[in-house]
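Q: Structure in structure tokens, see below.
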Amino acid sequence: MTRPDVPSDRGVLRPESLPEFHRLPAIGATADLVRWFWICRWQLPTGRVSRQEVIGFGALNLVVQHDHVVVAGATTRISHRDLAGTGWAVGALLRPAAAGALPIRPAEHLDTVTVVSAPDLHAAVSTEMTTGMGSPPDPAAAAETVGRWLRARASLTDEALLANRAVTALESDPALIRVDQSAELFGISERTLQRLTAKYVGLSPAALIRRRRLQEAAHRVRTRPDESLAEIAAELGYTDHAHMTRDFASVLGFTPSRYRAGG
């Protein structure tokens with residue numbers, strides 16, 4: 001399956017404030033379960049807090065942290081995490097097919113971070129990441145450990161793989177602006193498409209389309225300072241500038257112009 005190219009900081013609202021951060025592609029059999037791995041390490045001075053704000057992808061994240069393992073559900077609004085002290089995290093942005101490997105139901109965990117019991121996974125990843133904060137960890141080995149854990153638990157059914165293809169299209173194809181177009185692309189009914197995304201991601205197809213458009217809008221507002229907000233809105237299929245502004249305000253809590261100004 002063709003994987004869409006995604007800007008390395010798409011979804012991250014203020015990438016300049018990130019501590020040490022890497023994204024690694026999922027390869028081989030793991031690519032049907034993981035979109036990419038992300039690895040973060042930080043060592044901040046006492047009293048300093050680094051807030052990371054994100055317009056999350058319509059997906060679950062499995063995250064092995066220095067203290068425990070969590071599953072972060074898909075989000076319906078801006079999310080953030082405050083980093084302080086010293087720590088690390090190895091995360092996997094999951095494809096829909098990986099949902100079956102986790103002890104949760106995606107639709108019941110929207111905007112929720114759930115601690116899960118996976119002592120074997122935590123111990124194995126910790127070994128790769130804690131050779132000493134003064135020594136280089138092995139991010140690739142840590143990512144492979146997470147991928148291997150998922151592969152042992154996931155079931156790649158025809159339905160799960162169809163969910164992968166459908167969500168990838170909804171997230172990446174700018175020509176898909178309506179749910180009926182997306183359903184027709186895969187030869188299924190709108191109801192079937194809605195059931196698939198609810199089961200494997202927790203969000204509706206319409207929500208995934210809106211999230212993709214909002215991510216791209218935020219990326220362009222930040223990286224194309226000479227392009228007017230009206231031009232960006234038109235290119236991305238908003239009815240007008242005001243429509244894009246309402247989308248920003250409802251999900252992010254601020255306007256495109258305020259975001260562009262750094263507020």
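Each chain in the structure tokens gets a letter, A, B, ..., in the order shown, and its residues are numbered from 1; ligands are numbered from 1 in order too.
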Going by DSSP on the backbone, which residues of segment 30-216 of chain A come out as helix (DSSP H, G or I)? List them as a ChimeraX atom specification.
A: /A:30-32,96-101,106-108,119-129,139-151,158-172,179-185,190-200,205-216
Q: Kindly provide the residues of segment 143-188 of chain A that approach segment 202-217 of chain A to within 9 Å, each paired with its closest atom pair and their distance in Å to one decimal, based on only C-alpha atoms, listed by chain and increasing number, as a tab-separated table.
A:
residue	atom	partner	partner_atom	distance
A:Ala166	CA	A:Pro205	CA	9.0
A:Val167	CA	A:Leu208	CA	7.7
A:Leu170	CA	A:Ile209	CA	5.7
A:Glu171	CA	A:Arg212	CA	5.3
A:Ser172	CA	A:Arg212	CA	7.0
A:Asp173	CA	A:Arg212	CA	8.9
A:Pro174	CA	A:Arg213	CA	8.0
A:Leu176	CA	A:Ile209	CA	7.6
A:Ile177	CA	A:Ile209	CA	6.6
A:Arg178	CA	A:Ala206	CA	7.1
A:Val179	CA	A:Ala206	CA	6.1
A:Ser182	CA	A:Pro205	CA	8.3
Q: For the residues selected in the previous step, produce a file with C-alpha atoms as a PDB file, in the first residue's frame.
A:
ATOM      1  CA  ALA A 166     -10.036   3.846   4.266  1.00  0.00           C
ATOM      2  CA  VAL A 167      -8.495   5.887   7.077  1.00  0.00           C
ATOM      3  CA  LEU A 170      -9.505  10.060   4.560  1.00  0.00           C
ATOM      4  CA  GLU A 171      -6.348  11.444   6.168  1.00  0.00           C
ATOM      5  CA  SER A 172      -4.350  12.105   3.043  1.00  0.00           C
ATOM      6  CA  ASP A 173      -6.488  12.582  -0.086  1.00  0.00           C
ATOM      7  CA  PRO A 174      -7.458  16.258  -0.487  1.00  0.00           C
ATOM      8  CA  LEU A 176     -12.121  13.510  -0.504  1.00  0.00           C
ATOM      9  CA  ILE A 177     -14.269  16.197   1.064  1.00  0.00           C
ATOM     10  CA  ARG A 178     -17.478  14.207   1.637  1.00  0.00           C
ATOM     11  CA  VAL A 179     -18.177  10.883   3.308  1.00  0.00           C
ATOM     12  CA  SER A 182     -14.933   8.038   0.493  1.00  0.00           C
TER      13      SER A 182
END
Q: Just the number, please: distance in Å from atom CA of Glu108 of chain A to atom CA of Arg148 of chain A, one decimal.
A: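 It comes out at 25.8 Å.
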Q: DSSP on the backbone, strand (DSSP E or B) only: what residues of segment 50-189 of chain A does that give? Format it as number ranges by chain.
A: A: 50-54, 61-65, 69-72, 79-84, 86-94, 113-116
Q: Using only C-alpha atoms, which of the listed residues (A:Leu229, A:Ala98, A:Leu252, A:Ala140) sits closest to Leu156 of chain A?
A: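 Nearest to Leu156 of chain A: A:Ala98.
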Q: Residues at most 8 Å from Ala99 of chain A, counting only C-alpha atoms, excluding those fewer than 3 positions away in the same chain, as a VMD selection string?
A: chain A and resid 60 94 to 96 102 104 to 106 154 200 to 201
Q: Hey, could you make a per-residue contact list for segment 116-213 of chain A against segment 32-49 of chain A with 10 Å as the cut-off, showing the nearest pair of atoms and its distance in Å to one decimal, counting only C-alpha atoms, sorted by chain and number, as JSON lines?
A:
{"residue": "A:Met129", "atom": "CA", "partner": "A:Arg41", "partner_atom": "CA", "distance": 9.1}
{"residue": "A:Met133", "atom": "CA", "partner": "A:Gln43", "partner_atom": "CA", "distance": 8.4}
{"residue": "A:Pro137", "atom": "CA", "partner": "A:Arg41", "partner_atom": "CA", "distance": 9.6}
{"residue": "A:Pro139", "atom": "CA", "partner": "A:Ile39", "partner_atom": "CA", "distance": 6.7}
{"residue": "A:Ala140", "atom": "CA", "partner": "A:Phe37", "partner_atom": "CA", "distance": 9.0}
{"residue": "A:Ala142", "atom": "CA", "partner": "A:Ile39", "partner_atom": "CA", "distance": 8.8}
{"residue": "A:Ala143", "atom": "CA", "partner": "A:Phe37", "partner_atom": "CA", "distance": 6.3}
{"residue": "A:Glu144", "atom": "CA", "partner": "A:Phe37", "partner_atom": "CA", "distance": 9.2}
{"residue": "A:Val146", "atom": "CA", "partner": "A:Phe37", "partner_atom": "CA", "distance": 8.9}
{"residue": "A:Gly147", "atom": "CA", "partner": "A:Val34", "partner_atom": "CA", "distance": 7.6}
{"residue": "A:Leu150", "atom": "CA", "partner": "A:Leu33", "partner_atom": "CA", "distance": 7.5}
{"residue": "A:Arg151", "atom": "CA", "partner": "A:Leu33", "partner_atom": "CA", "distance": 7.6}
{"residue": "A:Ala154", "atom": "CA", "partner": "A:Leu33", "partner_atom": "CA", "distance": 8.0}
{"residue": "A:Ser155", "atom": "CA", "partner": "A:Leu33", "partner_atom": "CA", "distance": 9.7}
{"residue": "A:Leu156", "atom": "CA", "partner": "A:Asp32", "partner_atom": "CA", "distance": 8.1}
{"residue": "A:Ala160", "atom": "CA", "partner": "A:Asp32", "partner_atom": "CA", "distance": 9.5}
{"residue": "A:Leu161", "atom": "CA", "partner": "A:Asp32", "partner_atom": "CA", "distance": 7.7}
{"residue": "A:Asn164", "atom": "CA", "partner": "A:Asp32", "partner_atom": "CA", "distance": 7.6}
{"residue": "A:Arg165", "atom": "CA", "partner": "A:Asp32", "partner_atom": "CA", "distance": 9.8}
{"residue": "A:Thr168", "atom": "CA", "partner": "A:Arg35", "partner_atom": "CA", "distance": 9.6}
Q: Do you know which residues are at most 6 Å from segment 113-124 of chain A counting only C-alpha atoms, after dropping those on the same chain fewer than 3 positions away, and could you put them as JSON, numbers by chain?
A: {"A": [69, 70, 71, 72, 127]}
Q: For the selection you just gave me, I'd like the residues written to a file as a short mmCIF file (atom, residue, chain, number, x, y, z; two decimals), in the first residue's frame, keeping C-alpha atoms.
A:
data_model
loop_
_atom_site.label_atom_id
_atom_site.label_comp_id
_atom_site.auth_asym_id
_atom_site.auth_seq_id
_atom_site.Cartn_x
_atom_site.Cartn_y
_atom_site.Cartn_z
CA VAL A 69 2.79 2.27 29.31
CA VAL A 70 -0.27 4.17 28.10
CA VAL A 71 -2.71 4.16 25.21
CA ALA A 72 -3.78 7.64 24.12
CA THR A 127 16.57 -1.47 28.34
#
Q: Which residue out of A:Glu235, A:Thr76, A:Val90, A:Ser189 has the minimum interatomic distance to Asp138 of chain A when only C-alpha atoms are used?
A: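 Among A:Glu235, A:Thr76, A:Val90, A:Ser189, it is A:Val90 that comes nearest to Asp138 of chain A.
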Q: Could you check the closest approach to Glu53 of chain A for each of A:Leu83, A:Ala107, A:Ala141, A:Leu93 and tell me which residue wins, using only C-alpha atoms?
A: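 Of A:Leu83, A:Ala107, A:Ala141, A:Leu93, the one nearest Glu53 of chain A, counting only C-alpha atoms, is A:Leu83.
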Q: Select, from A:Phe57, A:Glu159, A:Arg260, A:Arg51, the residue with the minimum atom-to-atom distance to Arg81 of chain A, counting only C-alpha atoms.
A: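 Checking each candidate against Arg81 of chain A, we get A:Arg51 as the closest.
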